[in-house]
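Novice: Contents of run.cif (mmCIF, C-alpha atoms):
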data_input
#
loop_
_atom_site.label_atom_id
_atom_site.label_comp_id
_atom_site.auth_asym_id
_atom_site.auth_seq_id
_atom_site.Cartn_x
_atom_site.Cartn_y
_atom_site.Cartn_z
CA MET A 158 177.92 86.07 41.57
CA ALA A 159 175.55 88.75 42.89
CA ASP A 160 172.71 87.00 41.07
CA ALA A 161 173.36 83.90 43.18
CA ILE A 162 173.28 85.82 46.45
CA PHE A 163 170.42 88.24 45.96
CA LEU A 164 167.13 87.55 44.24
CA ASN A 165 166.11 90.48 42.08
CA ASP A 166 162.40 91.22 41.84
CA THR A 167 161.99 89.43 38.52
CA ASN A 168 163.61 86.21 39.71
CA PHE A 169 161.74 86.34 42.98
CA GLU A 170 158.44 86.46 41.09
CA LEU A 171 159.51 83.60 38.82
CA TYR A 172 160.52 81.40 41.75
CA ARG A 173 157.41 82.34 43.69
CA ALA A 174 155.18 81.40 40.75
CA LEU A 175 156.94 78.07 40.23
CA ILE A 176 156.81 77.14 43.92
CA TYR A 177 153.13 78.01 44.12
CA ALA A 178 152.28 76.07 40.95
CA GLU A 179 154.14 72.99 42.13
CA SER A 180 153.31 72.92 45.85
CA GLY A 181 150.71 75.54 46.74
CA ILE A 182 153.22 77.14 49.13
CA THR A 183 153.14 80.93 48.99
CA PHE A 184 156.22 83.11 49.46
CA THR A 185 155.38 86.74 50.18
CA PRO A 186 157.75 89.72 50.25
CA THR A 187 157.75 89.28 54.04
CA ASN A 188 159.31 85.82 53.89
CA ARG A 189 161.40 86.46 50.79
CA SER A 190 164.56 86.27 52.91
CA ILE A 191 163.75 82.64 53.79
CA LEU A 192 163.58 81.69 50.12
CA GLU A 193 166.80 83.57 49.45
CA SER A 194 168.58 81.79 52.31
CA ARG A 195 167.45 78.33 51.15
CA LEU A 196 168.48 79.15 47.59
CA LYS A 197 171.96 80.19 48.72
CA GLU A 198 172.39 76.82 50.44
CA ARG A 199 171.08 74.89 47.44
CA LEU A 200 173.30 76.69 44.94
CA ARG A 201 176.32 76.18 47.18
CA GLU A 202 175.57 72.45 47.47
CA LYS A 203 175.14 72.07 43.71
CA ASN A 204 178.00 74.42 42.77
CA ILE A 205 175.69 76.46 40.56
CA ALA A 206 176.59 80.06 39.81
CA SER A 207 173.26 81.86 39.61
CA VAL A 208 169.62 81.67 40.58
CA SER A 209 168.69 82.10 36.91
CA GLU A 210 170.69 79.01 35.95
CA TYR A 211 169.16 77.02 38.81
CA LEU A 212 165.65 78.09 37.80
CA ASP A 213 166.25 76.65 34.33
CA ILE A 214 167.44 73.39 35.91
CA ILE A 215 164.44 72.84 38.20
CA ARG A 216 162.04 73.63 35.37
CA LYS A 217 163.45 70.66 33.45
CA ASP A 218 164.57 68.24 36.17
CA ARG A 219 161.69 66.90 38.30
CA GLU A 220 163.97 65.17 40.78
CA GLU A 221 165.94 68.34 41.42
CA LEU A 222 162.66 70.23 41.74
CA LYS A 223 161.60 67.77 44.46
CA GLY A 224 164.90 68.36 46.23
CA PHE A 225 164.44 72.12 46.00
CA LEU A 226 160.88 71.99 47.36
CA ASP A 227 162.20 69.79 50.16
CA SER A 228 164.79 72.45 51.02
CA ILE A 229 162.29 75.30 51.33
CA THR A 230 159.78 73.57 53.60
CA THR A 231 159.86 74.25 57.33
CA ASN A 232 159.88 71.05 59.39
CA LEU A 233 159.41 72.09 63.01
CA THR A 234 157.94 69.22 64.99
CA ARG A 235 158.21 67.26 68.23
CA PHE A 236 156.55 64.36 70.03
CA PHE A 237 153.18 65.18 71.61
CA ARG A 238 153.24 68.67 70.12
CA ASN A 239 150.16 70.55 71.36
CA GLN A 240 149.17 67.97 73.97
CA ALA A 241 145.60 69.31 74.15
CA GLN A 242 144.87 67.98 70.67
CA PHE A 243 146.06 64.51 71.61
CA ASP A 244 143.88 64.74 74.73
CA ALA A 245 140.93 65.50 72.45
CA LEU A 246 141.85 62.53 70.26
CA GLU A 247 142.04 60.23 73.28
CA LYS A 248 139.06 61.46 75.27
CA HIS A 249 136.59 62.56 72.61
CA VAL A 250 137.39 61.43 69.06
CA ILE A 251 138.32 57.78 69.62
CA PRO A 252 135.47 57.09 72.11
CA GLU A 253 133.05 58.74 69.65
CA ILE A 254 134.28 56.58 66.78
CA ILE A 255 134.22 53.24 68.56
CA ASN A 256 131.09 53.80 70.68
CA ASN A 257 128.79 55.89 68.51
CA ILE A 258 129.99 55.99 64.90
CA ARG A 259 131.54 52.68 63.91
CA LYS A 260 130.37 50.51 66.84
CA VAL A 261 131.45 47.26 65.13
CA PRO A 262 135.16 46.62 65.78
CA GLY A 263 137.42 47.20 62.79
CA THR A 264 140.37 49.33 61.66
CA ILE A 265 140.61 53.04 62.36
CA ARG A 266 142.39 54.86 59.53
CA VAL A 267 144.45 57.98 60.26
CA TRP A 268 146.30 60.33 57.90
CA SER A 269 149.18 62.40 59.24
CA ALA A 270 149.56 64.91 56.40
CA GLY A 271 152.78 66.91 56.56
CA CYS A 272 154.30 64.37 58.95
CA SER A 273 157.82 65.86 58.79
CA THR A 274 160.35 63.60 60.57
CA GLY A 275 157.71 61.29 62.03
CA GLU A 276 157.10 62.54 65.54
CA GLU A 277 153.40 63.18 64.91
CA PRO A 278 152.45 59.79 63.41
CA TYR A 279 154.52 57.94 65.99
CA THR A 280 152.78 59.90 68.75
CA ILE A 281 149.39 58.97 67.28
CA ALA A 282 150.45 55.32 66.97
CA MET A 283 151.64 55.10 70.57
CA LEU A 284 148.47 56.74 71.82
CA LEU A 285 146.18 54.45 69.81
CA SER A 286 148.16 51.40 70.95
CA GLU A 287 147.48 52.47 74.53
CA ILE A 288 143.79 53.35 74.35
CA LEU A 289 142.16 51.17 71.68
CA PRO A 290 140.41 48.03 72.88
CA LYS A 291 142.18 44.88 71.65
CA VAL A 292 139.34 44.10 69.21
CA TRP A 293 140.13 47.31 67.31
CA ASN A 294 143.05 47.89 64.97
CA TYR A 295 144.50 51.03 63.38
CA GLU A 296 146.62 52.05 60.43
CA ILE A 297 148.33 55.37 59.74
CA ILE A 298 149.33 56.93 56.43
CA ALA A 299 152.04 59.55 57.03
CA SER A 300 152.94 61.80 54.13
CA ASP A 301 155.22 64.72 53.45
CA LEU A 302 156.68 66.80 50.65
CA SER A 303 160.19 66.34 52.05
CA LEU A 304 161.95 63.13 51.03
CA LYS A 305 164.71 63.89 53.54
CA CYS A 306 162.20 64.07 56.39
CA LEU A 307 160.49 60.88 55.25
CA MET A 308 163.81 59.03 55.34
CA THR A 309 164.32 60.13 58.95
CA ALA A 310 160.75 59.16 59.81
CA LYS A 311 161.06 55.71 58.26
CA GLU A 312 164.29 55.05 60.16
CA GLY A 313 162.54 55.85 63.44
CA PHE A 314 165.73 56.87 65.25
CA TYR A 315 165.75 59.99 67.43
CA ALA A 316 168.63 61.54 69.33
CA GLU A 317 168.14 62.08 73.04
CA SER A 318 167.51 65.77 72.44
CA ARG A 319 164.52 64.86 70.23
CA ILE A 320 162.58 62.71 72.71
CA VAL A 321 161.55 65.57 74.99
CA GLY A 322 157.84 65.34 75.73
CA ILE A 323 157.50 61.56 75.55
CA PRO A 324 156.09 60.20 78.85
CA ASP A 325 158.50 57.87 80.62
CA ASN A 326 156.15 54.90 80.37
CA TYR A 327 155.78 55.42 76.61
CA LEU A 328 159.54 55.73 76.18
CA ALA A 329 160.13 52.47 78.04
CA LYS A 330 157.37 50.62 76.20
CA TYR A 331 157.70 51.86 72.62
CA PHE A 332 161.40 52.70 72.18
CA VAL A 333 164.66 50.82 72.40
CA LYS A 334 167.71 52.64 73.78
CA VAL A 335 170.56 52.56 71.26
CA ASP A 336 173.85 54.40 70.87
CA GLY A 337 173.16 58.13 70.69
CA GLY A 338 169.41 57.98 71.16
CA TYR A 339 166.27 55.88 70.85
CA LYS A 340 164.73 53.68 68.14
CA ILE A 341 160.97 53.23 67.83
CA ASN A 342 159.98 49.58 68.13
CA ALA A 343 159.06 47.48 65.12
CA ASP A 344 155.43 46.93 66.16
CA ILE A 345 154.73 50.66 66.07
CA GLN A 346 156.64 51.10 62.80
CA SER A 347 154.56 48.36 61.17
CA LYS A 348 151.39 50.40 61.75
CA ILE A 349 152.62 53.37 59.72
CA LYS A 350 153.10 53.70 55.98
CA PHE A 351 155.30 56.66 55.08
CA ASP A 352 154.63 58.10 51.66
CA TYR A 353 155.76 61.06 49.55
CA HIS A 354 152.79 63.26 48.77
CA ASN A 355 152.30 66.82 47.59
CA LEU A 356 149.11 68.17 49.18
CA LYS A 357 148.49 70.18 46.04
CA ASN A 358 147.55 66.89 44.36
CA GLU A 359 144.80 64.34 44.90
CA SER A 360 145.99 61.60 47.27
CA GLY A 361 143.84 58.78 45.94
CA GLN A 362 143.17 57.81 49.57
CA ARG A 363 139.69 57.38 51.02
CA ASN A 364 137.83 56.54 54.23
CA PHE A 365 140.06 58.17 56.83
CA ASP A 366 138.46 58.42 60.26
CA VAL A 367 140.94 61.04 61.46
CA VAL A 368 143.19 63.47 59.58
CA PHE A 369 145.97 65.51 61.17
CA CYS A 370 147.28 68.38 59.06
CA ARG A 371 148.82 70.77 61.54
CA ASN A 372 150.80 73.91 60.79
CA VAL A 373 150.84 73.21 57.06
CA ILE A 374 148.07 75.21 55.42
CA ILE A 375 149.41 78.34 57.07
CA TYR A 376 151.99 78.40 54.24
CA PHE A 377 149.28 78.37 51.54
CA ASP A 378 147.20 81.22 50.20
CA GLU A 379 143.41 81.15 50.56
CA ALA A 380 142.73 79.40 47.25
CA ALA A 381 145.30 76.66 47.92
CA GLN A 382 144.07 76.25 51.50
CA THR A 383 140.51 75.71 50.30
CA SER A 384 141.62 73.17 47.70
CA VAL A 385 143.63 71.19 50.25
CA ILE A 386 140.84 71.20 52.84
CA ASN A 387 138.26 70.09 50.27
CA ARG A 388 140.52 67.23 49.18
CA PHE A 389 140.66 66.16 52.82
CA TRP A 390 136.85 66.13 52.83
CA ASP A 391 136.86 63.79 49.85
CA ALA A 392 139.44 61.52 51.49
CA MET A 393 137.59 61.24 54.80
CA ALA A 394 134.94 58.76 55.89
CA SER A 395 131.45 59.73 56.97
CA LYS A 396 131.47 61.08 60.55
CA SER A 397 135.21 61.77 60.75
CA PHE A 398 137.53 64.31 62.37
CA LEU A 399 140.11 66.86 61.17
CA PHE A 400 142.86 68.40 63.32
CA ILE A 401 144.67 71.50 62.05
CA GLY A 402 147.23 73.69 63.81
CA HIS A 403 146.02 75.58 66.86
CA SER A 404 146.89 78.86 65.11
CA GLU A 405 145.07 77.84 61.91
CA SER A 406 141.38 78.18 61.15
CA LEU A 407 138.79 77.28 58.51
CA PHE A 408 136.78 80.38 59.40
CA GLY A 409 135.50 82.08 56.27
CA MET A 410 136.64 79.23 54.05
CA ASP A 411 134.26 77.63 51.55
CA THR A 412 134.22 74.18 53.13
CA LYS A 413 131.67 71.70 54.49
CA PHE A 414 133.52 70.93 57.71
CA GLU A 415 131.82 71.81 60.99
CA PHE A 416 133.65 73.43 63.88
CA LEU A 417 133.80 71.25 67.00
CA LYS A 418 134.76 72.54 70.44
CA THR A 419 135.64 69.89 73.00
CA GLU A 420 136.71 70.23 76.61
CA TRP A 421 140.33 69.78 75.53
CA ALA A 422 140.81 71.34 72.09
CA THR A 423 138.96 72.56 69.03
CA LEU A 424 138.85 70.62 65.78
CA TYR A 425 136.60 70.04 62.77
CA CYS A 426 134.30 67.22 61.78
CA LYS A 427 132.77 65.80 58.64
CA ASN A 428 129.29 65.32 60.00
CA ILE A 429 127.56 63.41 57.18
#
Take the structure in this file and express it as structure tokens.

Specialist:
Amino acid sequence: MADAIFLNDTNFELYRALIYAESGITFTPTNRSILESRLKERLREKNIASVSEYLDIIRKDREELKGFLDSITTNLTRFFRNQAQFDALEKHVIPEIINNIRKVPGTIRVWSAGCSTGEEPYTIAMLLSEILPKVWNYEIIASDLSLKCLMTAKEGFYAESRIVGIPDNYLAKYFVKVDGGYKINADIQSKIKFDYHNLKNESGQRNFDVVFCRNVIIYFDEAAQTSVINRFWDAMASKSFLFIGHSESLFGMDTKFEFLKTEWATLYCKNI
């Protein structure tokens, strides 16, 4: 049973290589304990004796592999996380799009990549519902590697402990109080399409005006980061905007995005 509890160096390297090949996520010796902890939980749930046996299973079973990748991702999120970025969206990005870039009313397309349990795309949806002129519309694609998180996001129910940070007027307008918490209203839900997507792969999506991918690429190595960022470039419209985590940076990366400093927050733009 020791094999199930402790990853030896050989198995660690095998798991690390598989995870990287399938998701782009990099496990280093520093965060080895996280992988070990998640593996312990997974083996206990599946009643599997050893990490070697489980490795053989996920190499052959794509659905179990998805479940495993789901279990190792970190899904820390909350409504209006990093308010300064939403201020930049409201006060710089959206006015720039509707007044100077697009000009003719239409639909603004947003991608929330790595949406976790839905707080980010719902925050974006509420904000756009508040600030967009009535002649403009919006649609949001929200994707994640975690099927479990996507199920929570699609349901749109949040316990009272999860609604911290939502302004009172937004809570009253966009949520319905139900037993044990709050449910996002149907109008907001209808604006968002939740979709399983591995950022290691091409999305097939195009013409996004805004992309949010915050606190995701930090888990990738430099090569995987560059690949993901360049796929965002391909998916984005001319004159569009990219938000990444406030602790993340494209500095030194081989990418065409331009750094943009606003009064509220820094972001990146596709300026052609």

Novice: Can you pull out the residues contacting Tyr327 (chain A)? Cut-off 10 Å, using all atoms listed in the file, and skip same-chain residues under 4 positions away; I want them as a PyMOL selection string.

Specialist: chain A and resi 280+283-284+287+323+331-332

Novice: Counting all atoms listed in the file, which residues of region 356-397 of chain A sit at most 12 Å from some atom of region 226-241 of chain A, and what is each one's closest atom pair with its distance in Å to one decimal, listed by chain and rising residue number, as a tab-separated table?

Specialist:
residue	atom	partner	partner_atom	distance
A:Phe369	CA	A:Arg238	CA	12.0
A:Arg371	CA	A:Thr234	CA	9.9
A:Asn372	CA	A:Leu233	CA	9.1
A:Val373	CA	A:Thr231	CA	9.1
A:Ile374	CA	A:Thr230	CA	12.0
A:Ile375	CA	A:Thr231	CA	11.2
A:Tyr376	CA	A:Thr230	CA	9.2
A:Phe377	CA	A:Thr230	CA	11.7

Novice: Can you work out the spacing between CA of Leu246 (chain A) and CA of Phe398 (chain A) in Å, to one decimal?

Specialist: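 Atom-to-atom, CA of Leu246 (chain A) to CA of Phe398 (chain A), that is 9.2 Å.
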
Novice: Name the residues captured by the PyMOL selection byres ((chain A and resi 194) around 12) when it is applied to the shown file; answer as a PDB file with C-alpha atoms, keeping the file's coordinate frame.

Specialist:
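Output file selection.pdb is given in full below:
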ATOM      1  CA  ALA A 161     173.360  83.900  43.180  1.00  0.00           C
ATOM      2  CA  ILE A 162     173.280  85.820  46.450  1.00  0.00           C
ATOM      3  CA  PHE A 163     170.420  88.240  45.960  1.00  0.00           C
ATOM      4  CA  LEU A 164     167.130  87.550  44.240  1.00  0.00           C
ATOM      5  CA  ASN A 188     159.310  85.820  53.890  1.00  0.00           C
ATOM      6  CA  ARG A 189     161.400  86.460  50.790  1.00  0.00           C
ATOM      7  CA  SER A 190     164.560  86.270  52.910  1.00  0.00           C
ATOM      8  CA  ILE A 191     163.750  82.640  53.790  1.00  0.00           C
ATOM      9  CA  LEU A 192     163.580  81.690  50.120  1.00  0.00           C
ATOM     10  CA  GLU A 193     166.800  83.570  49.450  1.00  0.00           C
ATOM     11  CA  ARG A 195     167.450  78.330  51.150  1.00  0.00           C
ATOM     12  CA  LEU A 196     168.480  79.150  47.590  1.00  0.00           C
ATOM     13  CA  LYS A 197     171.960  80.190  48.720  1.00  0.00           C
ATOM     14  CA  GLU A 198     172.390  76.820  50.440  1.00  0.00           C
ATOM     15  CA  ARG A 199     171.080  74.890  47.440  1.00  0.00           C
ATOM     16  CA  LEU A 200     173.300  76.690  44.940  1.00  0.00           C
ATOM     17  CA  ARG A 201     176.320  76.180  47.180  1.00  0.00           C
ATOM     18  CA  VAL A 208     169.620  81.670  40.580  1.00  0.00           C
ATOM     19  CA  SER A 228     164.790  72.450  51.020  1.00  0.00           C
ATOM     20  CA  ILE A 229     162.290  75.300  51.330  1.00  0.00           C
TER      21      ILE A 229
END

Novice: Can you work out which one of A:Asn204, A:Thr274, A:Ser180, A:Thr412 has the shortest atom-to-atom distance to Tyr315 (chain A), counting only C-alpha atoms?

Specialist: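 Ranked by minimum distance to Tyr315 (chain A), first place goes to A:Thr274.
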
Novice: Quick one: apply the PyMOL selection byres ((chain A and resi 355) around 8) to the file and drop the selected residues here as a list in words.

Specialist: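 On this input, the PyMOL selection byres ((chain A and resi 355) around 8) captures Ser180, Asp301, Leu302, Tyr353, His354, Leu356, Lys357 and Asn358 of chain A.
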
Novice: Those same residues - C-alpha atoms - I'd like them written as a PDB file, in the frame of the given file.

Specialist:
ATOM      1  CA  SER A 180     153.310  72.920  45.850  1.00  0.00           C
ATOM      2  CA  ASP A 301     155.220  64.720  53.450  1.00  0.00           C
ATOM      3  CA  LEU A 302     156.680  66.800  50.650  1.00  0.00           C
ATOM      4  CA  TYR A 353     155.760  61.060  49.550  1.00  0.00           C
ATOM      5  CA  HIS A 354     152.790  63.260  48.770  1.00  0.00           C
ATOM      6  CA  LEU A 356     149.110  68.170  49.180  1.00  0.00           C
ATOM      7  CA  LYS A 357     148.490  70.180  46.040  1.00  0.00           C
ATOM      8  CA  ASN A 358     147.550  66.890  44.360  1.00  0.00           C
TER       9      ASN A 358
END

Novice: Do you have the CA of Gly361 (chain A)-CA of Ala310 (chain A) distance handy?

Specialist: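 Those two atoms sit 21.9 Å apart.
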
Novice: Under the PyMOL selection byres ((chain A and resi 422) around 12), which residues of this model are included? Write them out as an NGL selection string.

Specialist: :A and (239-250 or 399-404 or 416-421 or 423-425)

Novice: Out of A:Ser286, A:Ile297, A:Asp391, A:Phe314, which residue has the shortest atom-to-atom distance to Lys330 (chain A) when counting all atoms listed in the file?

Specialist: A:Ser286

Novice: Go through A:Ala282, A:Gly271, A:Thr383, A:Ile345 one by one, measure the shortest atom-to-atom distance of each to Ser406 (chain A) using all atoms listed in the file, and give the residue with the smallest value.

Specialist: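 For Ser406 (chain A), the nearest of the given residues is A:Thr383.
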
Novice: Could you check the closest approach to Ser384 (chain A) for each of A:Asp366, A:Glu221, A:Glu359, A:Asp352 and tell me which residue wins, using only C-alpha atoms?

Specialist: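 Checking each candidate against Ser384 (chain A), we get A:Glu359 as the closest.
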
Novice: Using all atoms listed in the file, can you tell me which of A:Met308, A:Val368, A:Leu328, A:Val261 comes closest to Glu296 (chain A)?

Specialist: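 Under the stated criterion, the closest residue is A:Val368.
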
Novice: Got a sec to check which residues sit within 8 Å of (161.5, 47.9, 72.4), counting all atoms listed in the file, and write them as a VMD selection string?

Specialist: chain A and resid 329 to 334 340 to 343

Novice: How about saving the chosen residues, C-alpha atoms kept, as a CSV table (one decimal), in the coordinates of the input?

Specialist:
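Okay, part.csv is ready:
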chain,number,residue,atom,x,y,z
A,329,ALA,CA,160.1,52.5,78.0
A,330,LYS,CA,157.4,50.6,76.2
A,331,TYR,CA,157.7,51.9,72.6
A,332,PHE,CA,161.4,52.7,72.2
A,333,VAL,CA,164.7,50.8,72.4
A,334,LYS,CA,167.7,52.6,73.8
A,340,LYS,CA,164.7,53.7,68.1
A,341,ILE,CA,161.0,53.2,67.8
A,342,ASN,CA,160.0,49.6,68.1
A,343,ALA,CA,159.1,47.5,65.1

Novice: For a cutoff of 6 Å around the file-coordinate point (139.2, 55.3, 55.5), which residues qualify once you count all atoms listed in the file? I'd like the result as an MDAnalysis selection string.

Specialist: chainID A and resid 266 363:366 394

Novice: Please dump the current selection as a PDB file, in the coordinates of the input; keep C-alpha atoms.

Specialist:
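Done, and the output landed in result.pdb:
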ATOM      1  CA  ARG A 266     142.390  54.860  59.530  1.00  0.00           C
ATOM      2  CA  ARG A 363     139.690  57.380  51.020  1.00  0.00           C
ATOM      3  CA  ASN A 364     137.830  56.540  54.230  1.00  0.00           C
ATOM      4  CA  PHE A 365     140.060  58.170  56.830  1.00  0.00           C
ATOM      5  CA  ASP A 366     138.460  58.420  60.260  1.00  0.00           C
ATOM      6  CA  ALA A 394     134.940  58.760  55.890  1.00  0.00           C
TER       7      ALA A 394
END

Novice: What does the distance from CA of Thr185 (chain A) to CA of Arg219 (chain A) come to in Å, to one decimal?

Specialist: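 Distance reported for this atom pair: 24.0 Å.
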
Novice: Using all atoms listed in the file, which of A:Phe169, A:Gly275, A:Pro186, A:Ile288 sits nearest Gly313 (chain A)?

Specialist: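 Checking each candidate against Gly313 (chain A), we get A:Gly275 as the closest.
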
Novice: Applying 9 Å and all atoms listed in the file, which residues near Leu212 (chain A) remain after dropping the ones on its own chain fewer than 5 positions away? List them as a list in words.

Specialist: Asn168, Leu171, Tyr172, Ser207 and Lys217 of chain A

Novice: How would region 314-330 of chain A look with N, CA, C and O atoms restored, written as a PDB file, in the frame of the given file?

Specialist:
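Resulting contents of selection38.pdb:
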ATOM      1  N   PHE A 314     164.707  56.617  64.231  1.00  0.00           N
ATOM      2  CA  PHE A 314     165.730  56.870  65.250  1.00  0.00           C
ATOM      3  C   PHE A 314     165.711  58.349  65.624  1.00  0.00           C
ATOM      4  O   PHE A 314     165.664  59.227  64.755  1.00  0.00           O
ATOM      5  N   TYR A 315     165.778  58.614  66.942  1.00  0.00           N
ATOM      6  CA  TYR A 315     165.750  59.990  67.430  1.00  0.00           C
ATOM      7  C   TYR A 315     166.826  60.165  68.504  1.00  0.00           C
ATOM      8  O   TYR A 315     166.900  59.378  69.449  1.00  0.00           O
ATOM      9  N   ALA A 316     167.615  61.218  68.326  1.00  0.00           N
ATOM     10  CA  ALA A 316     168.630  61.540  69.330  1.00  0.00           C
ATOM     11  C   ALA A 316     167.958  61.896  70.650  1.00  0.00           C
ATOM     12  O   ALA A 316     166.772  62.238  70.689  1.00  0.00           O
ATOM     13  N   GLU A 317     168.709  61.823  71.720  1.00  0.00           N
ATOM     14  CA  GLU A 317     168.140  62.080  73.040  1.00  0.00           C
ATOM     15  C   GLU A 317     167.510  63.459  73.139  1.00  0.00           C
ATOM     16  O   GLU A 317     166.523  63.650  73.843  1.00  0.00           O
ATOM     17  N   SER A 318     168.060  64.416  72.410  1.00  0.00           N
ATOM     18  CA  SER A 318     167.510  65.770  72.440  1.00  0.00           C
ATOM     19  C   SER A 318     166.142  65.858  71.777  1.00  0.00           C
ATOM     20  O   SER A 318     165.414  66.833  71.967  1.00  0.00           O
ATOM     21  N   ARG A 319     165.764  64.830  70.986  1.00  0.00           N
ATOM     22  CA  ARG A 319     164.520  64.860  70.230  1.00  0.00           C
ATOM     23  C   ARG A 319     163.371  64.153  70.952  1.00  0.00           C
ATOM     24  O   ARG A 319     162.237  64.174  70.453  1.00  0.00           O
ATOM     25  N   ILE A 320     163.627  63.504  72.060  1.00  0.00           N
ATOM     26  CA  ILE A 320     162.580  62.710  72.710  1.00  0.00           C
ATOM     27  C   ILE A 320     161.890  63.465  73.847  1.00  0.00           C
ATOM     28  O   ILE A 320     161.078  62.894  74.578  1.00  0.00           O
ATOM     29  N   VAL A 321     162.201  64.745  73.961  1.00  0.00           N
ATOM     30  CA  VAL A 321     161.550  65.570  74.990  1.00  0.00           C
ATOM     31  C   VAL A 321     160.046  65.541  74.762  1.00  0.00           C
ATOM     32  O   VAL A 321     159.558  65.678  73.637  1.00  0.00           O
ATOM     33  N   GLY A 322     159.290  65.336  75.840  1.00  0.00           N
ATOM     34  CA  GLY A 322     157.840  65.340  75.730  1.00  0.00           C
ATOM     35  C   GLY A 322     157.225  63.956  75.744  1.00  0.00           C
ATOM     36  O   GLY A 322     156.008  63.807  75.932  1.00  0.00           O
ATOM     37  N   ILE A 323     158.037  62.923  75.527  1.00  0.00           N
ATOM     38  CA  ILE A 323     157.500  61.560  75.550  1.00  0.00           C
ATOM     39  C   ILE A 323     157.397  61.106  77.014  1.00  0.00           C
ATOM     40  O   ILE A 323     158.388  61.127  77.743  1.00  0.00           O
ATOM     41  N   PRO A 324     156.203  60.700  77.475  1.00  0.00           N
ATOM     42  CA  PRO A 324     156.090  60.200  78.850  1.00  0.00           C
ATOM     43  C   PRO A 324     157.032  59.025  79.091  1.00  0.00           C
ATOM     44  O   PRO A 324     157.293  58.233  78.180  1.00  0.00           O
ATOM     45  N   ASP A 325     157.519  58.922  80.310  1.00  0.00           N
ATOM     46  CA  ASP A 325     158.500  57.870  80.620  1.00  0.00           C
ATOM     47  C   ASP A 325     157.974  56.476  80.312  1.00  0.00           C
ATOM     48  O   ASP A 325     158.714  55.622  79.814  1.00  0.00           O
ATOM     49  N   ASN A 326     156.694  56.235  80.607  1.00  0.00           N
ATOM     50  CA  ASN A 326     156.150  54.900  80.370  1.00  0.00           C
ATOM     51  C   ASN A 326     156.061  54.590  78.870  1.00  0.00           C
ATOM     52  O   ASN A 326     156.258  53.451  78.445  1.00  0.00           O
ATOM     53  N   TYR A 327     155.796  55.602  78.057  1.00  0.00           N
ATOM     54  CA  TYR A 327     155.780  55.420  76.610  1.00  0.00           C
ATOM     55  C   TYR A 327     157.184  55.145  76.093  1.00  0.00           C
ATOM     56  O   TYR A 327     157.384  54.295  75.217  1.00  0.00           O
ATOM     57  N   LEU A 328     158.157  55.893  76.617  1.00  0.00           N
ATOM     58  CA  LEU A 328     159.540  55.730  76.180  1.00  0.00           C
ATOM     59  C   LEU A 328     160.033  54.317  76.477  1.00  0.00           C
ATOM     60  O   LEU A 328     160.676  53.675  75.631  1.00  0.00           O
ATOM     61  N   ALA A 329     159.699  53.815  77.652  1.00  0.00           N
ATOM     62  CA  ALA A 329     160.130  52.470  78.040  1.00  0.00           C
ATOM     63  C   ALA A 329     159.428  51.390  77.220  1.00  0.00           C
ATOM     64  O   ALA A 329     160.021  50.357  76.896  1.00  0.00           O
ATOM     65  N   LYS A 330     158.186  51.637  76.870  1.00  0.00           N
ATOM     66  CA  LYS A 330     157.370  50.620  76.200  1.00  0.00           C
ATOM     67  C   LYS A 330     157.551  50.596  74.690  1.00  0.00           C
ATOM     68  O   LYS A 330     157.513  49.524  74.064  1.00  0.00           O
TER      69      LYS A 330
END
